[in-house]
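*Asks:* This is protein-v3.cif, which holds mmCIF, C-alpha atoms and all ligand atoms:
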data_work
#
loop_
_atom_site.label_atom_id
_atom_site.label_comp_id
_atom_site.auth_asym_id
_atom_site.auth_seq_id
_atom_site.Cartn_x
_atom_site.Cartn_y
_atom_site.Cartn_z
CA MET A 10 0.00 0.00 0.00
CA ASN A 11 1.46 3.40 -0.87
CA LEU A 12 1.36 6.44 1.38
CA SER A 13 -1.51 8.21 -0.36
CA SER A 14 -3.97 5.29 -0.14
CA ARG A 15 -3.00 4.70 3.50
CA ALA A 16 -3.76 8.35 4.25
CA GLN A 17 -7.19 8.08 2.60
CA LEU A 18 -8.10 4.85 4.37
CA SER A 19 -7.35 6.09 7.85
CA ARG A 20 -8.22 9.76 7.61
CA GLY A 21 -11.57 9.36 9.34
CA GLN A 22 -9.97 7.93 12.49
CA LEU A 23 -7.13 10.40 12.88
CA SER A 24 -6.89 13.65 14.81
CA SER A 25 -6.60 16.74 12.67
CA ARG A 26 -2.98 17.17 13.75
CA ALA A 27 -2.15 13.65 12.68
CA GLN A 28 -4.01 14.22 9.41
CA ARG A 29 -1.92 17.32 8.74
CA GLY A 30 1.19 15.24 9.38
CA ILE A 31 0.10 12.61 6.90
CA CYS A 32 -0.84 15.20 4.26
CA THR A 33 2.58 16.76 4.70
CA LEU A 34 4.10 13.31 4.30
CA PHE A 35 1.97 12.72 1.20
CA PHE A 36 3.16 15.88 -0.52
CA VAL A 37 6.70 15.34 0.51
CA SER A 38 6.53 11.80 -0.83
CA ILE A 39 5.57 13.19 -4.23
CA ALA A 40 8.52 15.54 -4.02
CA ALA A 41 10.65 12.61 -2.91
CA CYS A 42 10.00 10.88 -6.20
CA SER A 43 12.25 13.39 -7.88
CA THR A 44 15.30 11.76 -9.30
CA ALA A 45 18.86 12.39 -8.24
CA SER A 46 21.45 13.33 -10.83
CA ASP A 47 22.60 9.74 -11.19
CA GLY A 48 19.08 8.65 -12.08
CA THR A 49 18.16 6.91 -8.74
CA PRO A 50 15.24 8.24 -6.65
CA ASP A 51 16.56 10.49 -3.86
CA THR A 52 14.32 10.06 -0.80
CA ARG A 53 16.69 10.53 2.15
CA ALA A 54 16.75 14.30 2.67
CA SER A 55 13.01 14.78 2.21
CA ALA A 56 12.09 11.84 4.46
CA ALA A 57 14.12 13.37 7.29
CA ALA A 58 12.47 16.74 6.79
CA ALA A 59 9.00 15.14 6.91
CA ALA A 60 9.44 13.28 10.22
CA PRO A 61 6.96 14.74 12.70
CA SER A 62 8.28 15.79 16.10
CA SER A 63 5.76 13.51 17.80
CA TYR A 64 3.68 10.51 16.69
CA GLU A 65 1.20 11.15 19.51
CA LEU A 66 1.74 7.69 20.93
CA GLY A 67 2.39 6.81 24.57
CA ARG A 68 2.67 9.37 27.37
CA PRO A 69 5.52 11.02 29.25
CA VAL A 70 7.15 8.70 31.79
CA ASP A 71 5.87 9.43 35.26
CA SER A 72 8.67 9.23 37.83
CA VAL A 73 6.46 7.47 40.40
CA ALA A 74 5.51 4.75 37.91
CA LEU A 75 9.13 4.48 36.82
CA SER A 76 10.44 4.10 40.37
CA LYS A 77 8.11 1.10 40.86
CA ILE A 78 9.85 -0.86 38.12
CA ASP A 79 13.33 0.58 38.58
CA ILE A 80 14.19 -2.00 41.23
CA ASP A 81 17.15 -3.89 39.85
CA VAL A 82 20.01 -4.66 42.21
CA ASP A 83 23.16 -5.71 40.40
CA PRO A 84 26.08 -7.64 41.92
CA SER A 85 27.71 -4.43 43.19
CA GLY A 86 24.63 -3.81 45.34
CA ALA A 87 24.82 -0.09 44.52
CA SER A 88 21.04 0.32 44.27
CA LEU A 89 20.08 -1.67 47.36
CA PRO A 90 17.30 0.23 49.16
CA ALA A 91 17.17 1.40 52.77
CA GLY A 92 15.88 -1.19 55.23
CA SER A 93 17.24 -4.16 57.16
CA GLY A 94 16.41 -7.56 58.57
CA ASN A 95 17.87 -10.61 60.28
CA ALA A 96 17.27 -14.35 60.15
CA THR A 97 14.86 -14.40 63.10
CA LYS A 98 12.52 -11.98 61.36
CA GLY A 99 13.23 -13.75 58.08
CA LEU A 100 11.94 -17.05 59.41
CA VAL A 101 8.57 -15.41 60.08
CA VAL A 102 8.48 -14.08 56.52
CA PHE A 103 9.60 -17.39 55.08
CA ALA A 104 7.02 -19.38 57.05
CA SER A 105 4.15 -17.17 55.89
CA LYS A 106 5.18 -16.36 52.31
CA CYS A 107 7.55 -19.03 51.03
CA ALA A 108 7.34 -22.32 52.95
CA MET A 109 4.10 -23.46 51.28
CA CYS A 110 6.14 -23.92 48.11
CA HIS A 111 9.79 -24.21 49.11
CA GLY A 112 9.16 -26.32 52.26
CA ALA A 113 9.47 -25.31 55.93
CA LYS A 114 13.27 -25.64 55.84
CA GLY A 115 13.76 -24.54 52.24
CA GLU A 116 14.09 -28.16 51.12
CA GLY A 117 11.95 -27.66 48.01
CA MET A 118 9.03 -29.66 46.73
CA PRO A 119 8.88 -32.06 43.78
CA ALA A 120 6.36 -31.46 41.02
CA ASP A 121 3.01 -33.20 41.25
CA SER A 122 -0.17 -33.16 39.22
CA THR A 123 -1.10 -29.71 40.56
CA HIS A 124 2.19 -27.81 40.34
CA ILE A 125 5.69 -27.64 38.92
CA ALA A 126 8.73 -28.39 41.09
CA TYR A 127 9.57 -25.74 43.68
CA PRO A 128 13.33 -25.37 44.00
CA LYS A 129 15.33 -26.35 47.04
CA LEU A 130 16.87 -23.17 48.49
CA VAL A 131 18.94 -24.49 51.38
CA GLY A 132 21.90 -26.87 51.07
CA ARG A 133 25.64 -26.50 50.63
CA GLU A 134 26.50 -29.96 49.26
CA PRO A 135 28.67 -30.73 47.36
CA ARG A 136 31.12 -28.39 49.08
CA GLN A 137 34.16 -29.39 47.06
CA GLY A 138 35.06 -29.23 43.39
CA PHE A 139 31.95 -27.54 41.96
CA PRO A 140 31.09 -30.67 39.89
CA PHE A 141 27.73 -29.39 38.57
CA GLY A 142 28.87 -29.47 34.95
CA ARG A 143 29.75 -33.16 35.17
CA ASP A 144 26.66 -34.30 37.05
CA PRO A 145 23.36 -32.71 36.02
CA LYS A 146 21.55 -34.52 38.87
CA LEU A 147 23.26 -32.35 41.49
CA VAL A 148 20.81 -29.82 42.88
CA LYS A 149 21.86 -26.18 42.72
CA THR A 150 20.84 -23.97 45.62
CA VAL A 151 21.43 -20.47 46.95
CA GLY A 152 24.06 -22.08 49.23
CA ASN A 153 26.10 -24.03 46.71
CA TYR A 154 25.66 -22.18 43.45
CA TRP A 155 24.49 -18.55 43.76
CA PRO A 156 27.43 -16.14 43.18
CA TYR A 157 26.24 -12.89 44.83
CA ALA A 158 24.17 -12.24 47.96
CA THR A 159 23.06 -8.94 46.38
CA THR A 160 21.35 -10.72 43.51
CA VAL A 161 19.53 -13.06 45.88
CA TYR A 162 17.96 -9.85 47.17
CA ASP A 163 17.27 -8.71 43.60
CA TYR A 164 15.63 -12.00 42.60
CA VAL A 165 13.54 -12.47 45.73
CA HIS A 166 12.33 -8.87 45.71
CA ARG A 167 11.55 -8.91 42.01
CA ALA A 168 10.12 -12.40 41.53
CA MET A 169 8.93 -13.92 44.82
CA PRO A 170 6.51 -15.03 46.10
CA ILE A 171 5.92 -16.27 42.58
CA THR A 172 2.17 -15.69 42.93
CA ALA A 173 2.60 -12.07 44.12
CA PRO A 174 5.95 -10.77 42.84
CA GLY A 175 7.00 -7.27 43.87
CA THR A 176 4.86 -7.19 47.01
CA MET A 177 7.62 -7.64 49.60
CA THR A 178 8.93 -4.59 51.46
CA PRO A 179 12.70 -4.01 51.64
CA ASP A 180 12.65 -5.00 55.35
CA GLU A 181 10.88 -8.29 54.58
CA THR A 182 13.25 -8.99 51.72
CA TYR A 183 16.42 -8.26 53.75
CA ALA A 184 15.04 -10.49 56.52
CA VAL A 185 14.16 -13.45 54.32
CA VAL A 186 17.50 -13.16 52.48
CA ALA A 187 19.24 -13.13 55.88
CA TRP A 188 17.35 -16.33 56.79
CA LEU A 189 18.36 -17.98 53.50
CA LEU A 190 22.02 -17.00 53.99
CA SER A 191 22.01 -18.11 57.61
CA GLU A 192 20.35 -21.48 56.85
CA ASN A 193 22.99 -21.99 54.16
CA GLU A 194 25.70 -21.39 56.81
CA ILE A 195 26.99 -18.30 55.00
CA ILE A 196 26.24 -15.67 57.66
CA ASP A 197 25.75 -15.73 61.40
CA LYS A 198 22.18 -16.22 62.66
CA ALA A 199 22.27 -12.82 64.39
CA ALA A 200 23.78 -10.87 61.47
CA VAL A 201 21.71 -7.93 60.26
CA MET A 202 21.47 -7.58 56.49
CA ASP A 203 21.15 -4.11 54.97
CA SER A 204 22.61 -2.20 52.03
CA ALA A 205 26.02 -2.00 53.73
CA THR A 206 26.34 -5.57 55.05
CA LEU A 207 24.81 -7.54 52.18
CA VAL A 208 27.53 -6.42 49.76
CA THR A 209 30.21 -7.75 52.11
CA VAL A 210 28.81 -11.30 52.10
CA LYS A 211 30.98 -13.62 50.02
CA MET A 212 28.98 -16.49 48.57
CA PRO A 213 30.68 -19.93 48.51
CA ALA A 214 30.34 -20.14 44.72
CA ARG A 215 31.56 -16.58 44.08
CA ASP A 216 34.91 -17.55 42.56
CA LYS A 217 33.38 -20.20 40.31
CA PHE A 218 31.93 -17.50 38.06
CA VAL A 219 34.05 -15.27 35.82
CA PRO A 220 33.04 -12.40 33.51
CA ASP A 221 32.58 -13.62 29.95
CA ASP A 222 35.15 -11.41 28.22
CA ARG A 223 35.67 -13.56 25.15
CA LYS A 224 36.29 -11.57 21.97
CA GLY A 225 35.40 -12.38 18.38
CA GLY A 226 32.60 -14.37 16.81
CA ALA A 227 29.50 -13.02 15.14
CA THR A 228 27.93 -9.89 16.58
CA PHE A 229 24.42 -10.50 17.83
CA MET A 230 21.92 -8.25 15.98
C1 LIG B 301 3.65 -20.42 44.83
C2 LIG B 301 4.96 -21.03 45.01
C3 LIG B 301 6.12 -20.16 45.44
C4 LIG B 301 6.17 -19.30 46.53
C5 LIG B 301 5.06 -18.95 47.50
C6 LIG B 301 7.52 -18.81 46.55
N1 LIG B 301 8.25 -19.34 45.53
FE1 LIG B 301 10.24 -19.05 45.21
N2 LIG B 301 10.10 -20.17 43.52
C7 LIG B 301 8.97 -20.81 43.05
C8 LIG B 301 9.25 -21.38 41.76
C9 LIG B 301 8.27 -22.15 40.88
C10 LIG B 301 10.59 -21.05 41.46
C11 LIG B 301 11.37 -21.39 40.19
C12 LIG B 301 11.16 -20.26 39.23
C13 LIG B 301 11.93 -20.42 37.96
O1 LIG B 301 12.80 -21.29 37.87
O2 LIG B 301 11.68 -19.62 37.05
C14 LIG B 301 11.10 -20.32 42.60
C15 LIG B 301 12.41 -19.87 42.70
C16 LIG B 301 12.94 -19.26 43.82
C17 LIG B 301 14.34 -18.94 43.99
C18 LIG B 301 15.46 -19.25 43.00
C19 LIG B 301 15.96 -20.65 43.27
C20 LIG B 301 17.12 -21.04 42.36
O3 LIG B 301 18.05 -21.70 42.85
O4 LIG B 301 17.09 -20.70 41.17
C21 LIG B 301 14.47 -18.31 45.20
C22 LIG B 301 15.76 -17.79 45.82
C23 LIG B 301 13.14 -18.24 45.76
N3 LIG B 301 12.24 -18.83 44.89
C24 LIG B 301 12.85 -17.68 46.98
C25 LIG B 301 11.54 -17.52 47.45
C26 LIG B 301 11.22 -16.78 48.64
C27 LIG B 301 12.24 -16.11 49.55
C28 LIG B 301 9.86 -16.82 48.78
C29 LIG B 301 9.02 -16.15 49.81
C30 LIG B 301 9.16 -14.73 49.93
C31 LIG B 301 9.34 -17.62 47.68
N4 LIG B 301 10.38 -18.01 46.90
C32 LIG B 301 7.99 -17.91 47.50
C33 LIG B 301 7.76 -20.90 43.72
C34 LIG B 301 7.43 -20.17 44.83
#
Do you think you could lay out the structure here as structure tokens?

*Replies:*
Amino acid sequence: MNLSSRAQLSRGQLSSRAQRGICTLFFVSIAACSTASDGTPDTRASAAAAAPSSYELGRPVDSVALSKIDIDVDPSGASLPAGSGNATKGLVVFASKCAMCHGAKGEGMPADSTHIAYPKLVGREPRQGFPFGRDPKLVKTVGNYWPYATTVYDYVHRAMPITAPGTMTPDETYAVVAWLLSENEIIDKAAVMDSATLVTVKMPARDKFVPDDRKGGATFM
């Protein structure tokens, strides 16, 4: 379909400002059919001149709405929010919001006819050798496989409970992460987790992960 028939088809549904934009485009497209000196149609300059400043789609980003989804916490922990919690408080959170799926002690739950498998979250075995690549039956947990405590916070806050993601407060999240770290024998039971302490926690699997800095190969996209 060329530009002029598209403009005619949709004119009835468009605002007058949009219509003016399309008419401008229509006339410019006629002008664009002029031929460059080498005989090929020269459309580039006129197409740029015809681009409207706005397509009247979407709306300006509202900073309150944006702050609700701007919640990522990367390994550095730089954007961890204010708040704090320890394992004692975390057990209360875990018992009410997580245990029905992940088990009272974070042991996980196999799939059955009503649900998929719920991952085991607590467990440090195997402690030596990191043999996960050789044995796919080994179960990965926060304790034996997760490289950064900060991204446990990120994941739990962003994705859990899986039926109501994004509903946990920072205090609840720090507390339940503290419980997970304590049950996995990574931090002391009494340790308080907050934006300053969580970044200092070294996960057992931390050194098993390296940045992928390989060069070469095809560029994606
Ligand atoms: C309704 C069931 C359900 C509830 C409730 C729930 N989870 Fe999960 N959780 C899951 C499922 C399913 C997955 C696996 C998701 C996936 O692989 O995409 C998961 C994954 C996880 C993982 C990642 C495990 C891994 O090793 O990859 C963590 C950590 C976790 N949940 C923590 C929590 C915490 C903390 C709570 C409570 C605040 C919670 N979950 C509540 C079902 C649940």

*Asks:* If you take all atoms listed in the file and a cut-off of 10 Å, which residues of chain A touch ligand LIG 301 (chain B), and what are their nearest atom pairs and distances in Å to one decimal, in chain and number order, as CSV?

*Replies:*
residue,atom,partner,partner_atom,distance
A:Gly99,CA,B:LIG301,C27,8.9
A:Leu100,CA,B:LIG301,C27,9.9
A:Val102,CA,B:LIG301,C30,6.7
A:Phe103,CA,B:LIG301,C29,5.4
A:Ala104,CA,B:LIG301,C29,8.2
A:Ser105,CA,B:LIG301,C29,7.9
A:Lys106,CA,B:LIG301,C29,4.6
A:Cys107,CA,B:LIG301,C29,3.5
A:Ala108,CA,B:LIG301,C5,6.8
A:Met109,CA,B:LIG301,C5,6.0
A:Cys110,CA,B:LIG301,C2,4.4
A:His111,CA,B:LIG301,N1,6.2
A:Gly112,CA,B:LIG301,C4,9.5
A:Gly115,CA,B:LIG301,C24,8.7
A:Gly117,CA,B:LIG301,N2,8.9
A:Met118,CA,B:LIG301,C33,9.3
A:Ala120,CA,B:LIG301,C9,9.5
A:His124,CA,B:LIG301,C9,8.3
A:Ile125,CA,B:LIG301,C9,6.4
A:Ala126,CA,B:LIG301,C9,6.3
A:Tyr127,CA,B:LIG301,C9,4.7
A:Pro128,CA,B:LIG301,C19,5.5
A:Lys129,CA,B:LIG301,O3,6.8
A:Leu130,CA,B:LIG301,C19,5.9
A:Val131,CA,B:LIG301,O3,9.0
A:Val148,CA,B:LIG301,O3,8.6
A:Lys149,CA,B:LIG301,O3,5.9
A:Thr150,CA,B:LIG301,O3,4.5
A:Val151,CA,B:LIG301,O3,5.5
A:Gly152,CA,B:LIG301,O3,8.8
A:Asn153,CA,B:LIG301,O3,9.2
A:Tyr154,CA,B:LIG301,O3,7.6
A:Trp155,CA,B:LIG301,O3,7.2
A:Thr160,CA,B:LIG301,C22,9.3
A:Val161,CA,B:LIG301,C22,6.0
A:Tyr162,CA,B:LIG301,C22,8.3
A:Asp163,CA,B:LIG301,C22,9.5
A:Tyr164,CA,B:LIG301,C22,6.6
A:Val165,CA,B:LIG301,C24,5.4
A:His166,CA,B:LIG301,C30,7.9
A:Ala168,CA,B:LIG301,N3,7.6
A:Met169,CA,B:LIG301,C31,4.7
A:Pro170,CA,B:LIG301,C32,3.5
A:Ile171,CA,B:LIG301,C34,4.7
A:Thr172,CA,B:LIG301,C1,5.3
A:Ala173,CA,B:LIG301,C5,8.1
A:Pro174,CA,B:LIG301,C30,8.7
A:Gly175,CA,B:LIG301,C30,9.9
A:Thr176,CA,B:LIG301,C30,9.2
A:Met177,CA,B:LIG301,C30,7.3
A:Glu181,CA,B:LIG301,C30,8.1
A:Thr182,CA,B:LIG301,C30,7.3
A:Tyr183,CA,B:LIG301,C27,9.8
A:Ala184,CA,B:LIG301,C27,9.4
A:Val185,CA,B:LIG301,C27,5.8
A:Val186,CA,B:LIG301,C27,6.7
A:Ala187,CA,B:LIG301,C27,9.9
A:Trp188,CA,B:LIG301,C27,8.9
A:Leu189,CA,B:LIG301,C27,7.5

*Asks:* With C-alpha atoms retained, write the just-selected residues as an mmCIF file, keeping the file's coordinate frame.

*Replies:*
data_model
loop_
_atom_site.group_PDB
_atom_site.id
_atom_site.type_symbol
_atom_site.label_atom_id
_atom_site.label_comp_id
_atom_site.auth_asym_id
_atom_site.auth_seq_id
_atom_site.Cartn_x
_atom_site.Cartn_y
_atom_site.Cartn_z
ATOM 1 C CA GLY A 99 13.230 -13.750 58.080
ATOM 2 C CA LEU A 100 11.940 -17.050 59.410
ATOM 3 C CA VAL A 102 8.480 -14.080 56.520
ATOM 4 C CA PHE A 103 9.600 -17.390 55.080
ATOM 5 C CA ALA A 104 7.020 -19.380 57.050
ATOM 6 C CA SER A 105 4.150 -17.170 55.890
ATOM 7 C CA LYS A 106 5.180 -16.360 52.310
ATOM 8 C CA CYS A 107 7.550 -19.030 51.030
ATOM 9 C CA ALA A 108 7.340 -22.320 52.950
ATOM 10 C CA MET A 109 4.100 -23.460 51.280
ATOM 11 C CA CYS A 110 6.140 -23.920 48.110
ATOM 12 C CA HIS A 111 9.790 -24.210 49.110
ATOM 13 C CA GLY A 112 9.160 -26.320 52.260
ATOM 14 C CA GLY A 115 13.760 -24.540 52.240
ATOM 15 C CA GLY A 117 11.950 -27.660 48.010
ATOM 16 C CA MET A 118 9.030 -29.660 46.730
ATOM 17 C CA ALA A 120 6.360 -31.460 41.020
ATOM 18 C CA HIS A 124 2.190 -27.810 40.340
ATOM 19 C CA ILE A 125 5.690 -27.640 38.920
ATOM 20 C CA ALA A 126 8.730 -28.390 41.090
ATOM 21 C CA TYR A 127 9.570 -25.740 43.680
ATOM 22 C CA PRO A 128 13.330 -25.370 44.000
ATOM 23 C CA LYS A 129 15.330 -26.350 47.040
ATOM 24 C CA LEU A 130 16.870 -23.170 48.490
ATOM 25 C CA VAL A 131 18.940 -24.490 51.380
ATOM 26 C CA VAL A 148 20.810 -29.820 42.880
ATOM 27 C CA LYS A 149 21.860 -26.180 42.720
ATOM 28 C CA THR A 150 20.840 -23.970 45.620
ATOM 29 C CA VAL A 151 21.430 -20.470 46.950
ATOM 30 C CA GLY A 152 24.060 -22.080 49.230
ATOM 31 C CA ASN A 153 26.100 -24.030 46.710
ATOM 32 C CA TYR A 154 25.660 -22.180 43.450
ATOM 33 C CA TRP A 155 24.490 -18.550 43.760
ATOM 34 C CA THR A 160 21.350 -10.720 43.510
ATOM 35 C CA VAL A 161 19.530 -13.060 45.880
ATOM 36 C CA TYR A 162 17.960 -9.850 47.170
ATOM 37 C CA ASP A 163 17.270 -8.710 43.600
ATOM 38 C CA TYR A 164 15.630 -12.000 42.600
ATOM 39 C CA VAL A 165 13.540 -12.470 45.730
ATOM 40 C CA HIS A 166 12.330 -8.870 45.710
ATOM 41 C CA ALA A 168 10.120 -12.400 41.530
ATOM 42 C CA MET A 169 8.930 -13.920 44.820
ATOM 43 C CA PRO A 170 6.510 -15.030 46.100
ATOM 44 C CA ILE A 171 5.920 -16.270 42.580
ATOM 45 C CA THR A 172 2.170 -15.690 42.930
ATOM 46 C CA ALA A 173 2.600 -12.070 44.120
ATOM 47 C CA PRO A 174 5.950 -10.770 42.840
ATOM 48 C CA GLY A 175 7.000 -7.270 43.870
ATOM 49 C CA THR A 176 4.860 -7.190 47.010
ATOM 50 C CA MET A 177 7.620 -7.640 49.600
ATOM 51 C CA GLU A 181 10.880 -8.290 54.580
ATOM 52 C CA THR A 182 13.250 -8.990 51.720
ATOM 53 C CA TYR A 183 16.420 -8.260 53.750
ATOM 54 C CA ALA A 184 15.040 -10.490 56.520
ATOM 55 C CA VAL A 185 14.160 -13.450 54.320
ATOM 56 C CA VAL A 186 17.500 -13.160 52.480
ATOM 57 C CA ALA A 187 19.240 -13.130 55.880
ATOM 58 C CA TRP A 188 17.350 -16.330 56.790
ATOM 59 C CA LEU A 189 18.360 -17.980 53.500
#

*Asks:* If I wrap all listed atoms of segment 201-209 of chain A in a box with edges along x, y and z and add 3 Å on each side, what are its centre and edge lengths in Å to one decimal, as AutoDock Vina command-line options?

*Replies:*
--center_x 25.7 --center_y -5.0 --center_z 55.0 --size_x 15.1 --size_y 11.9 --size_z 16.5

*Asks:* What does the distance from atom CA of Gln137 of chain A to atom CA of Asp216 of chain A come to in Å, to one decimal?

*Replies:*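 Between these atoms lies a distance of 12.7 Å.
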
*Asks:* Compare A:Val73, A:Ala214, A:Ala158, A:Ala227 by their minimum atom-to-atom distance to Leu190 of chain A, counting all atoms listed in the file, and give me the closest one.

*Replies:*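 Nearest candidate to Leu190 of chain A out of A:Val73, A:Ala214, A:Ala158, A:Ala227: A:Ala158.
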
*Asks:* Rounded to one decimal place, report the atom CA of Asp203 of chain A-atom CA of Ile80 of chain A distance in Å.

*Replies:* 15.5 Å

*Asks:* Work out how far apart atom CA of Ser93 of chain A and atom CA of Met202 of chain A are and give it in Å to one decimal.

*Replies:* 5.5 Å

*Asks:* Can you list, as a PyMOL selection string, every protein, DNA or RNA residue that comes within 8 Å of Ser85 of chain A when you count all atoms listed in the file, leaving out same-chain residues fewer than 2 positions away?

*Replies:* chain A and resi 82-83+87+159+208

*Asks:* Using all atoms listed in the file for the distances, tell me which of A:Tyr157, A:Arg215, A:Gly226, A:Lys98 is nearest to Gly86 of chain A.

*Replies:*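 Between A:Tyr157, A:Arg215, A:Gly226, A:Lys98, the residue approaching Gly86 of chain A most closely is A:Tyr157.
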
*Asks:* With distances taken over all atoms listed in the file, which of A:Ser72, A:Ser122, A:Asn95, A:Ser62 is nearest to Ala200 of chain A?

*Replies:*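 So, comparing all the options, the nearest one is A:Asn95.
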
*Asks:* Return the single residue from A:Glu134, A:Asp180, A:Glu116, A:Glu65 that is closest to Leu89 of chain A, with distances computed using all atoms listed in the file.

*Replies:*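 Nearest to Leu89 of chain A: A:Asp180.
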
*Asks:* Tell me which of A:Pro61, A:Thr97, A:Pro84, A:Thr178 sits closest to Pro220 of chain A, counting all atoms listed in the file.

*Replies:*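 For Pro220 of chain A, the nearest of the given residues is A:Pro84.
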